[in-house]
Structures are given as C-alpha cells and as structure tokens.
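Novice: For reference, this is protein-v4.pdb, and it has PDB, C-alpha atoms.
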ATOM      1  CA  MET A 191      19.707  -5.776   3.094
ATOM      2  CA  LEU A 192      16.039  -6.840   3.173
ATOM      3  CA  SER A 193      15.982  -6.908  -0.627
ATOM      4  CA  ALA A 194      18.429  -9.802  -0.611
ATOM      5  CA  LEU A 195      16.135 -12.039   1.437
ATOM      6  CA  HIS A 196      14.105 -14.766  -0.266
ATOM      7  CA  PRO A 197      10.650 -13.366  -1.120
ATOM      8  CA  LEU A 198       8.495 -16.236   0.184
ATOM      9  CA  PRO A 199       9.580 -16.202   3.850
ATOM     10  CA  LYS A 200       9.377 -12.412   3.702
ATOM     11  CA  LEU A 201       5.820 -12.723   2.332
ATOM     12  CA  VAL A 202       4.814 -15.101   5.128
ATOM     13  CA  VAL A 203       6.320 -12.846   7.826
ATOM     14  CA  CYS A 204       4.626  -9.739   6.403
ATOM     15  CA  LEU A 205       1.251 -11.497   6.135
ATOM     16  CA  ALA A 206       1.560 -12.722   9.731
ATOM     17  CA  TRP A 207       2.557  -9.217  10.819
ATOM     18  CA  ILE A 208      -0.482  -7.718   9.079
ATOM     19  CA  ALA A 209      -2.728 -10.364  10.659
ATOM     20  CA  ALA A 210      -1.288  -9.496  14.077
ATOM     21  CA  SER A 211      -1.905  -5.791  13.415
ATOM     22  CA  ILE A 212      -5.509  -6.565  12.606
ATOM     23  CA  LEU A 213      -6.081  -8.864  15.580
ATOM     24  CA  VAL A 214      -4.214  -6.935  18.294
ATOM     25  CA  PHE A 215      -6.348  -4.015  19.445
ATOM     26  CA  ASP A 216      -3.572  -2.054  21.142
ATOM     27  CA  ALA A 217      -2.281   1.375  20.109
ATOM     28  CA  VAL A 218       1.231   0.662  21.403
ATOM     29  CA  PHE A 219       1.509  -2.427  19.200
ATOM     30  CA  GLN A 220       0.303  -0.431  16.180
ATOM     31  CA  ILE A 221       2.778   2.390  16.858
ATOM     32  CA  ALA A 222       5.589  -0.143  17.278
ATOM     33  CA  THR A 223       4.638  -1.770  13.975
ATOM     34  CA  VAL A 224       4.692   1.567  12.153
ATOM     35  CA  LEU A 225       8.043   2.543  13.699
ATOM     36  CA  ILE A 226       9.702  -0.818  12.995
ATOM     37  CA  ALA A 227       8.551  -0.839   9.362
ATOM     38  CA  ALA A 228       9.565   2.802   8.850
ATOM     39  CA  LEU A 229      12.967   2.317  10.477
ATOM     40  CA  ALA A 230      13.580  -0.824   8.440
ATOM     41  CA  LEU A 231      12.915   1.136   5.253
ATOM     42  CA  ILE A 232      15.021   4.117   6.343
ATOM     43  CA  LEU A 233      17.961   2.347   8.001
ATOM     44  CA  ALA A 234      18.192  -1.064   6.345
ATOM     45  CA  GLU A 235      17.021  -0.125   2.854
ATOM     46  CA  ARG A 236      18.348   3.457   2.827
ATOM     47  CA  ARG A 237      15.027   4.928   1.689
ATOM     48  CA  SER A 238      14.395   8.617   2.138
ATOM     49  CA  PRO A 239      12.455   9.565   5.290
ATOM     50  CA  LEU A 240      10.332  11.831   3.067
ATOM     51  CA  LEU A 241       9.438   8.833   0.888
ATOM     52  CA  VAL A 242       8.428   6.863   3.968
ATOM     53  CA  LEU A 243       6.276   9.758   5.185
ATOM     54  CA  ALA A 244       4.736  10.109   1.729
ATOM     55  CA  LEU A 245       3.904   6.388   1.797
ATOM     56  CA  MET A 246       2.077   6.872   5.089
ATOM     57  CA  VAL A 247      -0.211   9.615   3.745
ATOM     58  CA  PRO A 248      -2.770   7.445   1.874
ATOM     59  CA  PHE A 249      -2.987   5.014   4.774
ATOM     60  CA  ALA A 250      -3.319   7.891   7.248
ATOM     61  CA  LEU A 251      -6.185   9.320   5.184
ATOM     62  CA  PHE A 252      -7.846   5.909   5.147
ATOM     63  CA  GLY A 253      -7.319   5.595   8.910
ATOM     64  CA  PHE A 254      -8.639   9.126   9.413
ATOM     65  CA  GLY A 255     -11.927   7.876   7.982
ATOM     66  CA  PHE A 256     -12.006   5.204  10.694
ATOM     67  CA  LEU A 257     -11.181   7.795  13.347
ATOM     68  CA  THR A 258     -13.866  10.262  12.303
ATOM     69  CA  THR A 259     -16.468   7.529  11.902
ATOM     70  CA  SER A 260     -15.667   6.211  15.364
ATOM     71  CA  VAL A 261     -15.797   9.628  16.989
ATOM     72  CA  LEU A 262     -18.791  11.025  15.124
ATOM     73  CA  PHE A 263     -21.080   8.018  15.059
ATOM     74  CA  ARG A 264     -20.027   6.344  18.317
ATOM     75  CA  GLN A 265     -21.146   2.855  17.406
ATOM     76  CA  GLU A 266     -18.347   0.360  17.857
ATOM     77  CA  SER A 267     -18.552  -3.269  18.694
ATOM     78  CA  ASP A 268     -18.624  -4.276  22.341
ATOM     79  CA  PHE A 269     -15.156  -5.793  21.927
ATOM     80  CA  ALA A 270     -13.661  -2.501  20.679
ATOM     81  CA  VAL A 271     -15.258  -0.536  23.509
ATOM     82  CA  ARG A 272     -14.032  -3.038  26.154
ATOM     83  CA  MET A 273     -10.491  -3.075  24.785
ATOM     84  CA  SER A 274     -10.276   0.690  24.309
ATOM     85  CA  ALA A 275     -11.551   1.438  27.823
ATOM     86  CA  GLU A 276      -8.182   0.276  29.162
ATOM     87  CA  THR A 277      -6.089   2.673  27.058
ATOM     88  CA  PRO A 278      -4.811   6.123  28.011
ATOM     89  CA  PHE A 279      -6.357   7.997  25.059
ATOM     90  CA  GLY A 280      -9.392   9.403  26.852
ATOM     91  CA  GLY A 281     -12.859   8.143  26.094
ATOM     92  CA  ALA A 282     -13.638   4.784  24.608
ATOM     93  CA  THR A 283     -14.871   6.294  21.355
ATOM     94  CA  LEU A 284     -11.745   8.351  20.718
ATOM     95  CA  SER A 285      -9.483   5.515  21.832
ATOM     96  CA  ALA A 286     -11.101   3.000  19.490
ATOM     97  CA  GLY A 287     -10.842   5.497  16.637
ATOM     98  CA  ILE A 288      -7.142   6.136  17.303
ATOM     99  CA  VAL A 289      -6.382   2.418  17.366
ATOM    100  CA  LEU A 290      -8.222   1.945  14.063
ATOM    101  CA  PHE A 291      -6.350   4.932  12.607
ATOM    102  CA  LEU A 292      -3.008   3.464  13.691
ATOM    103  CA  ARG A 293      -4.024   0.010  12.442
ATOM    104  CA  ALA A 294      -4.568   1.358   8.915
ATOM    105  CA  ILE A 295      -1.120   2.989   8.934
ATOM    106  CA  ALA A 296       0.526  -0.122  10.411
ATOM    107  CA  CYS A 297      -0.935  -2.466   7.797
ATOM    108  CA  GLY A 298       0.014  -0.038   5.047
ATOM    109  CA  MET A 299       3.580   0.340   6.255
ATOM    110  CA  VAL A 300       4.119  -3.427   6.460
ATOM    111  CA  SER A 301       2.725  -3.723   2.937
ATOM    112  CA  ALA A 302       5.030  -0.929   1.747
ATOM    113  CA  LEU A 303       7.984  -2.620   3.440
ATOM    114  CA  PHE A 304       7.275  -5.818   1.520
ATOM    115  CA  ALA A 305       6.600  -4.060  -1.788
ATOM    116  CA  LEU A 306       9.725  -1.881  -1.645
ATOM    117  CA  THR A 307      12.049  -4.719  -0.672
ATOM    118  CA  THR A 308      10.806  -7.449  -3.002
ATOM    119  CA  ASP A 309      11.505  -7.840  -6.703
ATOM    120  CA  PRO A 310       8.152  -8.782  -8.273
ATOM    121  CA  GLY A 311       9.719 -11.051 -10.897
ATOM    122  CA  ARG A 312      11.658 -12.936  -8.262
ATOM    123  CA  LEU A 313       8.491 -13.307  -6.166
ATOM    124  CA  ILE A 314       6.505 -14.756  -9.072
ATOM    125  CA  LYS A 315       9.314 -17.176  -9.945
ATOM    126  CA  ALA A 316       9.493 -18.308  -6.315
ATOM    127  CA  LEU A 317       5.705 -18.743  -6.167
ATOM    128  CA  MET A 318       5.794 -20.855  -9.341
ATOM    129  CA  ARG A 319       8.703 -22.968  -8.120
ATOM    130  CA  SER A 320       7.953 -23.423  -4.434
ATOM    131  CA  TRP A 321       4.201 -22.995  -4.062
ATOM    132  CA  ARG A 322       3.293 -24.433  -7.465
ATOM    133  CA  LEU A 323       1.556 -21.357  -8.799
ATOM    134  CA  PRO A 324       0.049 -22.437 -12.151
ATOM    135  CA  ALA A 325       2.158 -21.383 -15.099
ATOM    136  CA  SER A 326      -0.762 -19.640 -16.793
ATOM    137  CA  ILE A 327      -1.220 -17.343 -13.777
ATOM    138  CA  GLY A 328       2.532 -16.816 -13.383
ATOM    139  CA  TYR A 329       2.991 -15.838 -17.016
ATOM    140  CA  ALA A 330      -0.059 -13.566 -16.866
ATOM    141  CA  LEU A 331       1.502 -11.811 -13.875
ATOM    142  CA  PHE A 332       4.827 -11.496 -15.738
ATOM    143  CA  SER A 333       2.981  -9.971 -18.702
ATOM    144  CA  ALA A 334       1.210  -7.499 -16.432
ATOM    145  CA  LEU A 335       4.526  -6.525 -14.841
ATOM    146  CA  HIS A 336       5.922  -5.661 -18.261
ATOM    147  CA  LEU A 337       2.725  -4.062 -19.555
ATOM    148  CA  VAL A 338       2.182  -1.519 -16.770
ATOM    149  CA  PRO A 339       5.333   0.550 -17.453
ATOM    150  CA  ASP A 340       4.577   0.398 -21.194
ATOM    151  CA  LEU A 341       1.001   1.492 -20.519
ATOM    152  CA  ALA A 342       2.177   4.545 -18.569
ATOM    153  CA  GLY A 343       4.588   5.467 -21.363
ATOM    154  CA  GLU A 344       1.870   5.031 -23.975
ATOM    155  CA  ALA A 345      -0.504   7.266 -21.972
ATOM    156  CA  ARG A 346       2.231   9.904 -21.782
ATOM    157  CA  GLN A 347       2.740   9.723 -25.570
ATOM    158  CA  MET A 348      -1.010  10.067 -26.200
ATOM    159  CA  ARG A 349      -1.203  13.102 -23.920
ATOM    160  CA  LEU A 350       1.788  14.717 -25.660
ATOM    161  CA  ALA A 351       0.284  14.071 -29.101
ATOM    162  CA  ARG A 352      -3.020  15.645 -28.062
ATOM    163  CA  ALA A 353      -1.210  18.639 -26.554
ATOM    164  CA  MET A 354       0.771  19.142 -29.769
ATOM    165  CA  ARG A 355      -2.442  18.992 -31.814
ATOM    166  CA  ARG A 356      -3.987  21.696 -29.563
ATOM    167  CA  GLY A 357      -0.823  23.798 -29.654
ATOM    168  CA  ARG A 358      -0.309  24.076 -25.900
ATOM    169  CA  PRO A 359       1.697  22.104 -23.339
ATOM    170  CA  PRO A 360      -0.031  19.240 -21.513
ATOM    171  CA  ARG A 361      -1.250  19.771 -17.976
ATOM    172  CA  ARG A 362       0.951  18.308 -15.302
ATOM    173  CA  ILE A 363      -1.888  16.160 -13.953
ATOM    174  CA  PRO A 364      -4.618  15.075 -16.376
ATOM    175  CA  GLY A 365      -8.113  16.224 -15.501
ATOM    176  CA  PRO A 366     -11.028  13.809 -15.183
ATOM    177  CA  GLY A 367     -12.160  14.417 -18.754
ATOM    178  CA  GLU A 368      -8.701  13.836 -20.200
ATOM    179  CA  ALA A 369      -8.203  10.700 -18.081
ATOM    180  CA  ALA A 370     -11.566   9.326 -19.215
ATOM    181  CA  SER A 371     -10.724  10.018 -22.858
ATOM    182  CA  LEU A 372      -7.530   7.927 -22.514
ATOM    183  CA  VAL A 373      -9.343   4.783 -21.364
ATOM    184  CA  VAL A 374     -10.434   3.450 -24.774
ATOM    185  CA  PRO A 375      -7.124   4.109 -26.584
ATOM    186  CA  LEU A 376      -5.198   2.502 -23.722
ATOM    187  CA  LEU A 377      -7.464  -0.546 -23.778
ATOM    188  CA  ALA A 378      -6.858  -0.811 -27.519
ATOM    189  CA  TYR A 379      -3.118  -0.629 -26.884
TER     190      TYR A 379
END
Taking this structure as input, can you express it in the form of structure tokens?
Specialist:
Amino acid sequence: MLSALHPLPKLVVCLAWIAASILVFDAVFQIATVLIAALALILAERRSPLLVLALMVPFALFGFGFLTTSVLFRQESDFAVRMSAETPFGGATLSAGIVLFLRAIACGMVSALFALTTDPGRLIKALMRSWRLPASIGYALFSALHLVPDLAGEARQMRLARAMRRGRPPRRIPGPGEAASLVVPLLAY
C-alpha cells in the first residue's frame, strides 16, 4: 500500500516526521512515532514483526548509548533538564536519557519505513524529473544501485575461491582479517 505512493511526497513527510522527532522532547511522541511506523510496516506493508524488531536493534543500541551517557555523566543541556522534569520517568537524568533513547529508535523506524516502502530507482527518477537532480548525480546513483549487489556477489565468490584453495569451507561471517584482505580486490573489481 505505501509502496504504491509517489516517492517524493513520502520523502518530504518522512523528513518532516524525523525533524519533529528530533525537535519534540516528549517520550509519548517518540513512542507514538515508533508504534505508528512499526504498525505501518506490519499491517500496511505486511512485513514480519520479527523483521521490524530486528530493524529496531541497531537504533536501540545507538539510543542505549545516549541513555547510558545521560545517566552516567549527568550533564544535559538546561533545555533537556527542564523538559524532562515534567515527565513521569523519575529523575531528570533518567528521563532525558529515555527520551533520547526513544528518539534514536523513532528516527530509525521512520527511516526504515521510507527505505522499505520506496523503490530506489523510482526515487532517483522522480528526483531527476521533479527536483532537477543533475543527470551526472542521478546516473552515478543508478550505477551504485546496480554495483552494490554485484559487489556482494563478487565478495562471496572471492571468499569461496579462497576457501577452496585452503581446502575447508568458508566461515559464515568473515573475520576482520578476511574482510580487510577483500578490500583491495573489491576496489579493483
């Protein structure tokens, strides 16, 4: 349903929604943003609830950094302390940290909503047509869109070739040394 919408108005709405999430220092607003974005993905786009939860994990970890910094170092701006003093989450320090934690998840979920419901090629075409994105930038973006899947496939082939040469199966997740050794061949590709 959301995938059928034109990408530019959807981009404007999502950017405004992210700006509101950043400017509104209220935990209820942040929770509502997360729930609306998650429900839109689950109900309107028929995405798996596990996928939506998995999408929240990196943003929750990022927000957890805000929470721990706020609680452990207790140095927020006067604005954050004034706004958080009116919330039901206990002390001003914890309250400000929770709002920052929720803000990270809210911004991430709105971004995920846009990314999962928008065809990148259609977005670039619309940007070139309606917002006069220069053709050189548009074609560079199109090239990158086609190169990234090829790059992942090429990395997989390189890993398989190295594993065959060693005579053992490749590791499921490449280690830091293996990942670093793939950089130069992938740049050459």
Novice: Spell out the residues picked by the PyMOL selection byres ((chain A and resi 345-362) around 12) here, as a count of residues only.
Specialist: 23
Novice: Check which residues satisfy the PyMOL selection byres ((chain A and resi 231-246) around 12) in the file shown, then give them as a PyMOL selection string.
Specialist: chain A and resi 191-194+224-230+247-254+291-308
Novice: Set the distance at 10 Å and use all atoms listed in the file: which residues neighbour Ala325 (chain A) once local chain neighbours fewer than 6 positions away are removed? I'd like the list as a VMD selection string.
Specialist: chain A and resid 314 to 315 317 to 319 331
Novice: If I take CA of Thr223 (chain A) and CA of Ser260 (chain A), how far is one from the other in Å, to one decimal?
Specialist: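 It comes out at 21.9 Å.
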Novice: Provide the CA of Val218 (chain A) to CA of Val289 (chain A) distance in Å, to one decimal place.
Specialist: 8.8 Å
Novice: Tell me, in Å to one decimal, how far CA of Ser320 (chain A) is from CA of Leu201 (chain A).
Specialist: 12.8 Å
Novice: Taking (8.0, -13.6, 1.1) in the file's coordinates, which residues come within 10 Å, counting all atoms listed in the file, written as a VMD selection string?
Specialist: chain A and resid 195 to 205 304 307 to 308 313 316 to 317
Novice: Please provide as an mmCIF file with C-alpha atoms, keeping the file's coordinate frame all residues within 8 Å of Gly287 (chain A), with the sequence filter that same-chain residues fewer than 4 positions apart are discarded (counting only C-alpha atoms).
Specialist:
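Printed below is result22.cif as written:
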data_model
loop_
_atom_site.group_PDB
_atom_site.id
_atom_site.type_symbol
_atom_site.label_atom_id
_atom_site.label_comp_id
_atom_site.auth_asym_id
_atom_site.auth_seq_id
_atom_site.Cartn_x
_atom_site.Cartn_y
_atom_site.Cartn_z
ATOM 1 C CA PHE A 256 -12.006 5.204 10.694
ATOM 2 C CA LEU A 257 -11.181 7.795 13.347
ATOM 3 C CA THR A 258 -13.866 10.262 12.303
ATOM 4 C CA THR A 259 -16.468 7.529 11.902
ATOM 5 C CA SER A 260 -15.667 6.211 15.364
ATOM 6 C CA VAL A 261 -15.797 9.628 16.989
ATOM 7 C CA THR A 283 -14.871 6.294 21.355
ATOM 8 C CA PHE A 291 -6.350 4.932 12.607
#
Novice: Grab all the atoms of region 238-255 of chain A that the file lists, wrap them in a box along x, y and z, add 8 Å per side, and give me centre plus edge lengths in Å (one decimal) as JSON.
Specialist:
{"center_x": 1.2, "center_y": 8.4, "center_z": 5.2, "size_x": 42.3, "size_y": 22.8, "size_z": 24.5}
